[in-house]
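Shown here: structure.txt, compact mmCIF, C-alpha atoms.
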```txt
# COMPACT_ATOMS: atom_id res chain seq x y z
CA MET A 1 13.04 18.22 25.91
CA ASN A 2 10.63 17.72 23.03
CA GLN A 3 7.85 19.86 24.47
CA LYS A 4 7.03 22.82 22.25
CA LEU A 5 6.82 26.14 24.06
CA ALA A 6 4.41 28.82 22.85
CA PRO A 7 4.20 32.45 23.98
CA ALA A 8 1.24 33.31 26.18
CA ARG A 9 0.72 36.56 24.28
CA VAL A 10 1.68 37.58 20.76
CA PRO A 11 1.72 41.34 20.11
CA THR A 12 -0.30 42.57 17.18
CA PRO A 13 1.55 44.26 14.32
CA GLY A 14 -0.70 47.27 15.01
CA ARG A 15 0.62 47.55 18.57
CA ILE A 16 4.22 47.63 17.31
CA LEU A 17 3.20 50.17 14.69
CA SER A 18 1.63 52.39 17.37
CA ARG A 19 4.85 52.27 19.40
CA GLU A 20 6.86 53.32 16.34
CA LEU A 21 4.53 56.26 15.84
CA GLU A 22 4.80 57.28 19.50
CA ALA A 23 8.60 57.07 19.38
CA ARG A 24 8.65 59.54 16.52
CA GLY A 25 5.82 61.71 17.72
CA TRP A 26 3.83 60.95 14.59
CA THR A 27 0.09 60.65 14.24
CA GLN A 28 -1.73 58.14 12.07
CA LYS A 29 -2.44 60.98 9.67
CA ASP A 30 1.27 61.79 9.45
CA LEU A 31 2.10 58.20 8.52
CA ALA A 32 -0.76 58.12 6.01
CA GLU A 33 0.63 61.19 4.24
CA ILE A 34 4.18 59.76 4.27
CA MET A 35 3.02 56.49 2.71
CA GLY A 36 0.40 58.02 0.46
CA ARG A 37 -2.29 55.87 2.03
CA PRO A 38 -5.73 56.75 3.43
CA VAL A 39 -5.80 57.35 7.19
CA GLN A 40 -8.44 54.62 7.44
CA THR A 41 -5.94 52.04 6.13
CA ILE A 42 -3.41 52.92 8.84
CA ASN A 43 -6.15 52.86 11.49
CA GLU A 44 -7.37 49.40 10.39
CA ILE A 45 -3.81 48.00 10.52
CA ILE A 46 -3.35 49.35 14.04
CA ARG A 47 -6.66 47.84 15.16
CA GLY A 48 -5.77 44.49 13.54
CA ASN A 49 -8.65 44.61 11.07
CA LYS A 50 -6.35 44.81 8.06
CA GLN A 51 -3.37 42.60 7.38
CA ILE A 52 0.05 43.91 6.42
CA THR A 53 0.60 42.87 2.82
CA PRO A 54 4.07 42.56 1.23
CA GLU A 55 3.51 45.92 -0.47
CA THR A 56 2.60 47.58 2.84
CA ALA A 57 5.60 45.92 4.51
CA LEU A 58 7.89 47.51 1.91
CA GLU A 59 6.35 50.96 2.52
CA LEU A 60 6.56 50.62 6.32
CA SER A 61 10.22 49.54 6.05
CA GLN A 62 10.99 52.71 4.08
CA ALA A 63 9.04 54.88 6.51
CA PHE A 64 10.65 53.50 9.68
CA GLY A 65 14.05 52.36 8.41
CA THR A 66 13.42 48.69 9.11
CA SER A 67 13.45 45.60 6.88
CA PRO A 68 10.26 44.47 5.09
CA GLU A 69 10.71 41.06 6.74
CA PHE A 70 10.31 42.66 10.16
CA TRP A 71 6.71 43.57 9.33
CA THR A 72 5.83 40.42 7.39
CA ASN A 73 7.17 38.26 10.23
CA LEU A 74 5.12 40.18 12.78
CA GLU A 75 2.01 39.69 10.66
CA ALA A 76 2.66 35.99 10.05
CA LYS A 77 3.31 35.21 13.73
CA TYR A 78 0.19 37.06 14.80
CA ARG A 79 -2.04 35.37 12.24
CA LEU A 80 -0.66 31.94 13.17
CA HIS A 81 -1.35 32.73 16.81
CA LEU A 82 -4.96 33.59 15.98
CA ALA A 83 -5.33 30.43 13.85
CA SER A 84 -3.97 28.23 16.64
CA LYS A 85 -6.76 29.43 18.90
CA GLN A 86 -9.43 28.77 16.30
CA LYS A 87 -8.19 25.45 14.84
CA THR A 88 -8.03 22.17 16.70
CA GLU A 89 -4.33 21.46 16.15
CA PRO A 90 -4.39 18.13 18.02
CA ASP A 91 -7.15 16.89 15.70
CA ILE A 92 -5.11 17.79 12.63
CA ALA A 93 -2.07 16.00 14.05
CA ARG A 94 -4.18 12.92 14.83
CA LYS A 95 -5.61 12.83 11.33
CA SER A 96 -2.14 13.20 9.86
CA ARG A 97 -0.94 10.24 11.93
CA LEU A 98 -3.95 8.18 10.85
CA TYR A 99 -3.31 8.85 7.18
CA THR A 100 0.38 8.06 7.70
CA LEU A 101 -0.40 4.69 9.27
CA ALA A 102 -2.97 3.57 6.70
CA PRO A 103 -4.59 4.52 3.38
CA ILE A 104 -7.85 5.57 5.04
CA PRO A 105 -9.88 6.09 1.82
CA GLU A 106 -9.08 2.53 0.64
CA LEU A 107 -9.97 1.03 4.01
CA ILE A 108 -13.35 2.75 3.84
CA LYS A 109 -13.83 1.88 0.16
CA ASN A 110 -13.20 -1.81 0.90
CA ASN A 111 -15.46 -1.71 3.97
CA TRP A 112 -12.57 -2.75 6.20
CA ILE A 113 -13.51 0.17 8.42
CA GLN A 114 -16.68 2.26 8.47
CA LYS A 115 -16.87 5.87 7.37
CA THR A 116 -17.50 8.17 10.31
CA GLU A 117 -17.42 11.87 11.13
CA SER A 118 -16.09 11.10 14.61
CA LEU A 119 -12.31 11.29 14.78
CA ASP A 120 -12.30 9.25 18.00
CA GLU A 121 -14.27 6.48 16.32
CA LEU A 122 -12.09 6.56 13.20
CA GLU A 123 -8.95 6.33 15.32
CA GLN A 124 -10.35 3.40 17.28
CA GLN A 125 -11.29 1.54 14.10
CA VAL A 126 -7.81 2.00 12.61
CA CYS A 127 -6.11 0.92 15.84
CA ASN A 128 -8.30 -2.18 16.03
CA PHE A 129 -7.62 -3.04 12.40
CA LEU A 130 -3.85 -2.66 12.76
CA GLY A 131 -3.72 -4.37 16.14
CA ILE A 132 -2.25 -1.41 18.03
CA LEU A 133 -3.40 0.33 21.19
CA SER A 134 -2.68 3.91 20.13
CA LEU A 135 -1.46 6.00 17.22
CA ASN A 136 1.94 6.23 18.90
CA GLU A 137 2.56 2.56 18.11
CA THR A 138 3.82 1.21 14.81
CA PRO A 139 2.19 -1.98 13.47
CA LYS A 140 4.55 -4.90 13.78
CA LEU A 141 4.71 -7.51 11.04
CA ASP A 142 7.02 -10.46 10.54
CA VAL A 143 7.15 -9.83 6.82
CA ASN A 144 10.01 -9.08 4.46
CA PHE A 145 8.58 -6.69 1.90
CA ARG A 146 9.58 -7.64 -1.62
CA CYS A 147 8.13 -5.34 -4.25
CA SER A 148 9.03 -3.67 -7.50
CA GLN A 149 11.03 -0.65 -6.38
CA HIS A 150 10.66 1.31 -9.61
CA LEU A 151 6.89 1.38 -8.96
CA GLU A 152 7.48 2.89 -5.51
CA PRO A 153 4.84 0.94 -3.58
CA GLU A 154 3.57 2.43 -0.37
CA GLU A 155 4.66 0.49 2.66
CA THR A 156 1.54 1.52 4.56
CA SER A 157 -0.63 -0.18 1.93
CA GLN A 158 1.47 -3.32 2.21
CA ILE A 159 1.06 -3.37 5.98
CA VAL A 160 -2.69 -2.86 5.70
CA TRP A 161 -2.97 -5.65 3.11
CA VAL A 162 -1.11 -8.08 5.36
CA LYS A 163 -3.25 -7.08 8.34
CA ARG A 164 -6.39 -7.79 6.34
CA VAL A 165 -5.00 -11.21 5.41
CA GLU A 166 -4.17 -11.89 9.06
CA ASN A 167 -7.64 -10.82 10.22
CA LEU A 168 -9.33 -13.13 7.72
CA ALA A 169 -7.00 -16.05 8.44
CA LYS A 170 -7.72 -15.79 12.18
CA GLN A 171 -11.40 -16.45 11.41
CA GLN A 172 -10.61 -19.81 9.78
CA THR A 173 -10.67 -23.15 11.56
CA ILE A 174 -8.05 -25.43 10.05
CA ALA A 175 -6.11 -28.60 10.85
CA SER A 176 -2.81 -28.68 12.72
CA PHE A 177 0.22 -28.23 10.49
CA GLU A 178 3.18 -30.45 9.74
CA ARG A 179 5.48 -29.59 6.88
CA SER A 180 5.86 -33.23 5.86
CA GLN A 181 2.09 -33.54 5.37
CA LEU A 182 2.05 -30.50 3.09
CA GLU A 183 4.94 -31.86 1.06
CA ALA A 184 3.15 -35.19 0.72
CA ALA A 185 0.01 -33.37 -0.44
CA ILE A 186 1.72 -31.52 -3.32
CA PRO A 187 1.07 -34.31 -5.90
CA THR A 188 -2.61 -34.33 -4.94
CA ILE A 189 -2.78 -30.54 -5.25
CA LEU A 190 -1.09 -30.73 -8.67
CA SER A 191 -3.51 -33.41 -9.85
CA HIS A 192 -6.10 -30.61 -10.02
CA ALA A 193 -4.00 -28.52 -12.42
CA ALA A 194 -5.28 -30.25 -15.56
CA GLN A 195 -8.81 -28.86 -15.55
CA LEU A 196 -9.88 -25.28 -14.83
CA GLU A 197 -12.91 -26.32 -12.77
CA ASN A 198 -10.77 -28.35 -10.37
CA ILE A 199 -9.38 -25.14 -8.86
CA VAL A 200 -12.42 -25.08 -6.55
CA HIS A 201 -10.88 -27.97 -4.57
CA ILE A 202 -7.59 -26.20 -3.76
CA PRO A 203 -8.69 -24.17 -0.69
CA LYS A 204 -9.98 -27.27 1.14
CA LEU A 205 -6.90 -29.30 0.24
CA LEU A 206 -4.77 -26.60 1.87
CA THR A 207 -6.86 -26.11 5.00
CA ASP A 208 -6.97 -29.90 5.47
CA VAL A 209 -3.18 -29.91 5.87
CA GLY A 210 -3.16 -26.87 8.14
CA VAL A 211 -2.47 -24.07 5.64
CA HIS A 212 -4.59 -20.92 5.79
CA PHE A 213 -5.73 -19.86 2.32
CA VAL A 214 -6.85 -16.27 1.72
CA ILE A 215 -7.47 -14.13 -1.37
CA VAL A 216 -7.31 -10.38 -0.81
CA PRO A 217 -7.03 -8.13 -3.90
CA HIS A 218 -3.94 -5.95 -3.82
CA LEU A 219 -4.23 -2.31 -2.78
CA SER A 220 -3.10 0.64 -4.86
CA LYS A 221 0.67 0.85 -5.34
CA THR A 222 1.42 -2.50 -3.72
CA TYR A 223 1.77 -4.64 -6.86
CA LEU A 224 1.61 -7.89 -4.91
CA ASP A 225 0.89 -11.35 -6.29
CA GLY A 226 1.07 -13.43 -3.15
CA ALA A 227 2.45 -13.91 0.32
CA ALA A 228 3.56 -16.67 2.65
CA PHE A 229 4.02 -16.23 6.38
CA TYR A 230 3.11 -17.88 9.65
CA LEU A 231 0.20 -17.17 11.96
CA SER A 232 0.96 -18.91 15.24
CA ASN A 233 2.01 -22.42 14.15
CA ASN A 234 0.14 -22.49 10.84
CA PRO A 235 1.37 -21.04 7.56
CA VAL A 236 -0.72 -18.59 5.58
CA VAL A 237 -0.78 -18.53 1.79
CA ALA A 238 -2.41 -15.38 0.44
CA LEU A 239 -3.06 -14.49 -3.19
CA THR A 240 -4.20 -11.25 -4.79
CA LEU A 241 -5.20 -12.56 -8.25
CA ARG A 242 -3.58 -9.40 -9.59
CA TYR A 243 -3.34 -11.28 -12.86
CA ASP A 244 -6.59 -13.23 -13.05
CA ARG A 245 -5.20 -16.03 -15.19
CA ILE A 246 -4.78 -19.76 -14.69
CA ASP A 247 -1.01 -19.67 -15.26
CA SER A 248 -0.50 -16.86 -12.74
CA PHE A 249 -2.74 -18.56 -10.17
CA TRP A 250 -0.88 -21.85 -10.27
CA PHE A 251 2.62 -20.43 -10.33
CA THR A 252 1.94 -17.94 -7.52
CA LEU A 253 0.28 -20.61 -5.39
CA LEU A 254 3.16 -23.05 -5.87
CA HIS A 255 5.78 -20.36 -5.33
CA GLU A 256 4.31 -19.56 -1.91
CA LEU A 257 3.89 -23.25 -1.05
CA ALA A 258 7.51 -23.82 -2.06
CA HIS A 259 8.66 -21.31 0.57
CA ILE A 260 6.86 -23.42 3.19
CA VAL A 261 7.87 -26.87 1.90
CA LEU A 262 11.50 -25.80 1.57
CA GLY A 263 11.47 -24.65 5.19
CA HIS A 264 12.20 -21.01 4.48
CA GLN A 265 12.02 -19.01 7.67
CA GLY A 266 10.35 -15.63 8.09
CA ALA A 267 7.70 -14.30 5.79
CA TYR A 268 7.41 -13.24 2.19
CA LEU A 269 5.45 -10.67 0.23
CA ASP A 270 6.02 -11.36 -3.42
CA ASN A 271 5.73 -9.42 -6.62
CA LEU A 272 6.65 -12.20 -9.01
CA GLU A 273 7.67 -9.69 -11.68
CA ALA A 274 10.38 -8.26 -9.44
CA LEU A 275 11.48 -10.79 -6.86
CA ALA A 276 14.36 -10.05 -4.53
CA GLU A 277 17.61 -11.53 -5.77
CA ASN A 278 18.29 -14.07 -3.05
CA GLU A 279 18.70 -17.81 -2.81
CA GLU A 280 15.33 -18.47 -1.14
CA GLU A 281 13.34 -16.68 -3.84
CA GLN A 282 15.31 -18.42 -6.57
CA ALA A 283 14.76 -21.78 -4.89
CA ALA A 284 11.01 -21.14 -4.54
CA ASN A 285 10.81 -20.10 -8.18
CA GLN A 286 12.68 -23.17 -9.36
CA GLN A 287 10.65 -25.52 -7.19
CA ALA A 288 7.35 -24.07 -8.42
CA ALA A 289 8.49 -24.34 -12.05
CA ASN A 290 9.61 -27.97 -11.57
CA TRP A 291 6.37 -28.93 -9.87
CA LEU A 292 4.29 -27.47 -12.68
CA ILE A 293 6.15 -28.72 -15.75
CA GLU A 294 8.89 -31.35 -16.01
CA SER A 295 11.82 -29.34 -17.35
CA GLN A 296 13.30 -31.99 -19.66
CA ALA A 297 9.90 -32.70 -21.19
CA LEU A 298 9.44 -28.98 -21.83
CA ASN A 299 12.87 -28.68 -23.44
CA ASN A 300 12.12 -31.64 -25.70
CA PHE A 301 8.76 -30.14 -26.66
CA VAL A 302 10.29 -26.77 -27.49
CA GLY A 303 13.13 -28.35 -29.46
CA LYS A 304 10.77 -30.56 -31.40
CA THR A 305 8.20 -27.85 -32.15
CA GLY A 306 10.60 -25.20 -33.37
CA ARG A 307 9.56 -21.58 -33.79
CA PHE A 308 5.83 -21.95 -34.34
CA PHE A 309 3.56 -23.21 -31.58
CA SER A 310 0.00 -24.06 -32.54
CA ARG A 311 -2.82 -24.30 -30.07
CA ARG A 312 -3.23 -27.97 -30.90
CA ALA A 313 0.44 -28.72 -30.21
CA ILE A 314 0.31 -26.98 -26.84
CA GLU A 315 -2.93 -28.73 -25.87
CA GLU A 316 -1.44 -32.11 -26.75
CA PHE A 317 1.73 -31.41 -24.75
CA ALA A 318 -0.34 -30.12 -21.80
CA GLN A 319 -2.26 -33.38 -21.80
CA THR A 320 0.95 -35.38 -21.45
CA GLN A 321 1.88 -33.21 -18.45
CA HIS A 322 -1.63 -33.39 -16.95
CA ARG A 323 -1.77 -29.60 -16.95
CA HIS A 324 -4.16 -27.02 -18.30
CA PRO A 325 -2.76 -25.65 -21.60
CA GLY A 326 -2.86 -22.14 -20.16
CA ILE A 327 -0.13 -23.15 -17.73
CA ILE A 328 2.07 -24.21 -20.65
CA VAL A 329 1.38 -20.99 -22.54
CA GLY A 330 2.18 -18.91 -19.46
CA ARG A 331 5.57 -20.62 -19.15
CA LEU A 332 6.33 -20.12 -22.84
CA HIS A 333 5.38 -16.44 -22.54
CA TYR A 334 7.55 -16.02 -19.44
CA GLU A 335 10.57 -17.55 -21.15
CA GLU A 336 9.87 -15.43 -24.25
CA ILE A 337 9.61 -18.50 -26.45
CA VAL A 338 6.13 -17.47 -27.55
CA PRO A 339 5.18 -13.77 -27.98
CA GLN A 340 2.95 -12.42 -25.20
CA LYS A 341 0.19 -11.57 -27.68
CA ASN A 342 -0.10 -15.16 -28.94
CA LEU A 343 -2.50 -17.84 -27.65
CA ARG A 344 -3.91 -15.63 -24.90
CA ALA A 345 -7.30 -17.30 -25.25
CA LEU A 346 -5.83 -20.20 -23.26
CA LEU A 347 -5.08 -17.92 -20.27
CA VAL A 348 -8.55 -18.29 -18.78
CA LYS A 349 -9.75 -16.50 -15.65
CA VAL A 350 -9.91 -18.30 -12.31
CA SER A 351 -11.78 -15.75 -10.16
CA PRO A 352 -15.29 -17.05 -11.02
CA LEU A 353 -14.35 -20.39 -9.45
CA LEU A 354 -12.96 -18.82 -6.27
CA GLU A 355 -15.59 -16.17 -5.56
CA GLN A 356 -16.40 -17.44 -2.07
CA TRP A 357 -12.73 -17.12 -1.10
CA ILE A 358 -12.17 -13.63 -2.50
CA ASP A 359 -12.39 -10.84 0.08
CA LYS A 360 -15.01 -8.33 -1.01
```

Structure re-expressed in structure tokens:
Amino acid sequence: MNQKLAPARVPTPGRILSRELEARGWTQKDLAEIMGRPVQTINEIIRGNKQITPETALELSQAFGTSPEFWTNLEAKYRLHLASKQKTEPDIARKSRLYTLAPIPELIKNNWIQKTESLDELEQQVCNFLGILSLNETPKLDVNFRCSQHLEPEETSQIVWVKRVENLAKQQTIASFERSQLEAAIPTILSHAAQLENIVHIPKLLTDVGVHFVIVPHLSKTYLDGAAFYLSNNPVVALTLRYDRIDSFWFTLLHELAHIVLGHQGAYLDNLEALAENEEEQAANQQAANWLIESQALNNFVGKTGRFFSRRAIEEFAQTQHRHPGIIVGRLHYEEIVPQKNLRALLVKVSPLLEQWIDK
């Protein structure tokens, strides 16, 4: 039995105090003289107008030969009983459940739900957003959460982020999906990696082969870069643009596409700074790296260049690979061949070219 039982009546500390006086044949004045307190103080305690403080509890325990806790417990139980009649406990419990299920302030801030003073309306909005019928349900997602554990991301924020991606993807009309068609389209997708402005063509290329494409900025404490999962029979590729740079955009995009092309089952939420150590993540990483830059050509370039990499040298090598130089710099930074502070001017932003795809 999980039902909580509550007493119909809770005696006031003053009533117990009156009984103690009657048992000893004392008057309120007698007790006041014993404790060195005004008679009015004793009278107010008996009537319930004055609370028993820890100091008073100590004095009463000495006067009646009881423990101080006896009086403080009486007072606490009585005050809780009064509060339960005045406060709407079910409302507090509902709000607690709402804030456990979702980061309510962020949902309101992002206009994913509307601010309201009505708890019923707020609950309905959250249930609709999460795709549940009541607060007793837990949102179900076919997603393996992969995040940086030392940053302690909040799972509720991850769930809400995925739900937002799902809700936006469901609004898209896209082609039917076949994995072979996506794999065949990879060279065409990569042909747009040479020039920054060509990024605008990527969303349509993906939707034309049946891949949902969504950009939803990451929520607080989620530290996500991208995700890949299935919605019905079509895959979804979602990016956060947490790092608004051309190298991060292309590697994250190709990492998520690699999961799909390689036939990885299930779903993935990826923080590319702290990927789970498993074969599928390693395979997706390797495939994305190979697609972006031919490994032997990169090794030859690094060996030939030596320790010092000029902007001109990187731009010339990028041209041979038909890639934007920022992609080359990002790889050299990642492999710690070039210091992170060097050549950052080549790591241009991509968000201005994708504004119509970014959830706002």

Using all atoms listed in the file, which protein or nucleic acid residues come within 12 Å of Glu33 (chain A)? Drop anything in the same chain fewer than 6 positions from it, and give the result as a short mmCIF file (atom, residue, chain, number, x, y, z; two decimals) with C-alpha atoms, in the coordinates of the input.
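Dumped to around21.cif:
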```cif
data_model
loop_
_atom_site.label_atom_id
_atom_site.label_comp_id
_atom_site.auth_asym_id
_atom_site.auth_seq_id
_atom_site.Cartn_x
_atom_site.Cartn_y
_atom_site.Cartn_z
CA TRP A 26 3.83 60.95 14.59
CA THR A 27 0.09 60.65 14.24
CA VAL A 39 -5.80 57.35 7.19
CA GLN A 40 -8.44 54.62 7.44
CA THR A 41 -5.94 52.04 6.13
CA ILE A 42 -3.41 52.92 8.84
CA GLU A 59 6.35 50.96 2.52
CA ALA A 63 9.04 54.88 6.51
#
```

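Among the candidates A:Glu123, A:Asp359, A:Glu281, A:Asp247, the one nearest to Leu332 (chain A) when counting only C-alpha atoms is A:Asp247.
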
Check your understanding: Out of A:Arg164, A:Leu347, A:Ile293, A:Pro352, which residue has the shortest atom-to-atom distance to Asn110 (chain A) when counting all atoms listed in the file?
Key -> A:Arg164

Exercise for review: Might you pull out every residue within 10 Å of Phe229 (chain A), with only C-alpha atoms counted and same-chain residues fewer than 3 positions away left off, and present them as a PyMOL selection string?
Suggested key: chain A and resi 141-144+162+166+212+232+234-238+256+259-260+264-269

Exercise for review: Pick out the residues sitting within 8 Å of Val329 (chain A), and hand them over as a ChimeraX atom specification; count only C-alpha atoms, and ignore anything fewer than 5 positions along from it in its own chain.
Suggested key: /A:247,314,338,343-344,346-347

**Study point:** Counting all atoms listed in the file, the residue of A:Lys77, A:Arg97, A:Lys204, A:Arg331 that sits nearest Leu122 (chain A)
**Key:** A:Arg97

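Using all atoms listed in the file, the shortest contact distance between Thr305 (chain A) and any of A:Ala93, A:Ala283, A:Ala175, A:Ile337 is found at A:Ile337.
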
Padding 5 Å on each side, edges along x, y and z: where is the centre of the box around the listed atoms of region 173-187 of chain A, and how long are its edges in Å to one decimal? Output it as lines of an AutoDock Vina configuration file.
```
center_x = -2.4
center_y = -29.2
center_z = 3.4
size_x = 26.5
size_y = 22.0
size_z = 28.6
```

Check your understanding: Of the candidates A:Thr138, A:Ser310, A:Thr156, A:Asn167, which one gets nearest to Trp112 (chain A) if we count all atoms listed in the file?
Key -> A:Asn167

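One finds CA of Leu353 (chain A) at 6.9 Å from CA of Ile199 (chain A).
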
**Study point:** Point-to-point distance from CA of Val165 (chain A) to CA of Gly226 (chain A), Å rounded to tenths
**Key:** 10.7 Å

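Between CA of Gln125 (chain A) and CA of Lys140 (chain A) the separation is 17.1 Å.
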
Practice item. Between A:Glu316, A:Glu355, A:Asp270, A:Glu75, single out the one closest to Val214 (chain A), counting only C-alpha atoms. Key: A:Glu355

As a PDB file with C-alpha atoms, in the frame of the given file, please: the residues near Leu31 (chain A) (cut-off 12 Å, all atoms listed in the file, same-chain neighbours under 3 positions excluded).
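This went into part15.pdb:
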```
ATOM      1  CA  LEU A  17       3.200  50.170  14.690  1.00  0.00           C
ATOM      2  CA  SER A  18       1.630  52.390  17.370  1.00  0.00           C
ATOM      3  CA  GLU A  20       6.860  53.320  16.340  1.00  0.00           C
ATOM      4  CA  LEU A  21       4.530  56.260  15.840  1.00  0.00           C
ATOM      5  CA  GLU A  22       4.800  57.280  19.500  1.00  0.00           C
ATOM      6  CA  ARG A  24       8.650  59.540  16.520  1.00  0.00           C
ATOM      7  CA  GLY A  25       5.820  61.710  17.720  1.00  0.00           C
ATOM      8  CA  TRP A  26       3.830  60.950  14.590  1.00  0.00           C
ATOM      9  CA  THR A  27       0.090  60.650  14.240  1.00  0.00           C
ATOM     10  CA  GLN A  28      -1.730  58.140  12.070  1.00  0.00           C
ATOM     11  CA  ILE A  34       4.180  59.760   4.270  1.00  0.00           C
ATOM     12  CA  MET A  35       3.020  56.490   2.710  1.00  0.00           C
ATOM     13  CA  GLY A  36       0.400  58.020   0.460  1.00  0.00           C
ATOM     14  CA  ARG A  37      -2.290  55.870   2.030  1.00  0.00           C
ATOM     15  CA  PRO A  38      -5.730  56.750   3.430  1.00  0.00           C
ATOM     16  CA  VAL A  39      -5.800  57.350   7.190  1.00  0.00           C
ATOM     17  CA  GLN A  40      -8.440  54.620   7.440  1.00  0.00           C
ATOM     18  CA  THR A  41      -5.940  52.040   6.130  1.00  0.00           C
ATOM     19  CA  ILE A  42      -3.410  52.920   8.840  1.00  0.00           C
ATOM     20  CA  ASN A  43      -6.150  52.860  11.490  1.00  0.00           C
ATOM     21  CA  ILE A  45      -3.810  48.000  10.520  1.00  0.00           C
ATOM     22  CA  ILE A  46      -3.350  49.350  14.040  1.00  0.00           C
ATOM     23  CA  GLU A  59       6.350  50.960   2.520  1.00  0.00           C
ATOM     24  CA  LEU A  60       6.560  50.620   6.320  1.00  0.00           C
ATOM     25  CA  GLN A  62      10.990  52.710   4.080  1.00  0.00           C
ATOM     26  CA  ALA A  63       9.040  54.880   6.510  1.00  0.00           C
ATOM     27  CA  PHE A  64      10.650  53.500   9.680  1.00  0.00           C
TER      28      PHE A  64
END
```

Missing atoms in region 346-360 of chain A need filling: write out N, CA and C atoms for it as a CSV table (one decimal), in the coordinates of the input.
```csv
chain,number,residue,atom,x,y,z
A,346,LEU,N,-6.0,-19.1,-24.2
A,346,LEU,CA,-5.8,-20.2,-23.3
A,346,LEU,C,-5.6,-19.7,-21.8
A,347,LEU,N,-5.3,-18.5,-21.6
A,347,LEU,CA,-5.1,-17.9,-20.3
A,347,LEU,C,-6.4,-17.5,-19.6
A,348,VAL,N,-7.2,-18.5,-19.3
A,348,VAL,CA,-8.6,-18.3,-18.8
A,348,VAL,C,-8.5,-17.8,-17.4
A,349,LYS,N,-9.6,-17.1,-17.0
A,349,LYS,CA,-9.8,-16.5,-15.6
A,349,LYS,C,-10.1,-17.6,-14.6
A,350,VAL,N,-9.6,-17.3,-13.4
A,350,VAL,CA,-9.9,-18.3,-12.3
A,350,VAL,C,-10.8,-17.7,-11.3
A,351,SER,N,-11.0,-16.4,-11.2
A,351,SER,CA,-11.8,-15.8,-10.2
A,351,SER,C,-13.2,-16.3,-10.1
A,352,PRO,N,-13.9,-16.6,-11.2
A,352,PRO,CA,-15.3,-17.0,-11.0
A,352,PRO,C,-15.4,-18.3,-10.2
A,353,LEU,N,-14.3,-19.1,-10.2
A,353,LEU,CA,-14.4,-20.4,-9.4
A,353,LEU,C,-14.0,-20.2,-8.0
A,354,LEU,N,-13.5,-19.0,-7.6
A,354,LEU,CA,-13.0,-18.8,-6.3
A,354,LEU,C,-13.7,-17.7,-5.6
A,355,GLU,N,-14.9,-17.3,-6.1
A,355,GLU,CA,-15.6,-16.2,-5.6
A,355,GLU,C,-15.8,-16.2,-4.0
A,356,GLN,N,-16.1,-17.4,-3.5
A,356,GLN,CA,-16.4,-17.4,-2.1
A,356,GLN,C,-15.1,-17.3,-1.2
A,357,TRP,N,-14.0,-17.3,-1.8
A,357,TRP,CA,-12.7,-17.1,-1.1
A,357,TRP,C,-12.1,-15.7,-1.3
A,358,ILE,N,-12.7,-15.0,-2.2
A,358,ILE,CA,-12.2,-13.6,-2.5
A,358,ILE,C,-12.8,-12.6,-1.5
A,359,ASP,N,-11.9,-11.9,-0.9
A,359,ASP,CA,-12.4,-10.8,0.1
A,359,ASP,C,-13.1,-9.7,-0.7
A,360,LYS,N,-14.3,-9.4,-0.3
A,360,LYS,CA,-15.0,-8.3,-1.0
A,360,LYS,C,-15.6,-7.3,0.0
```
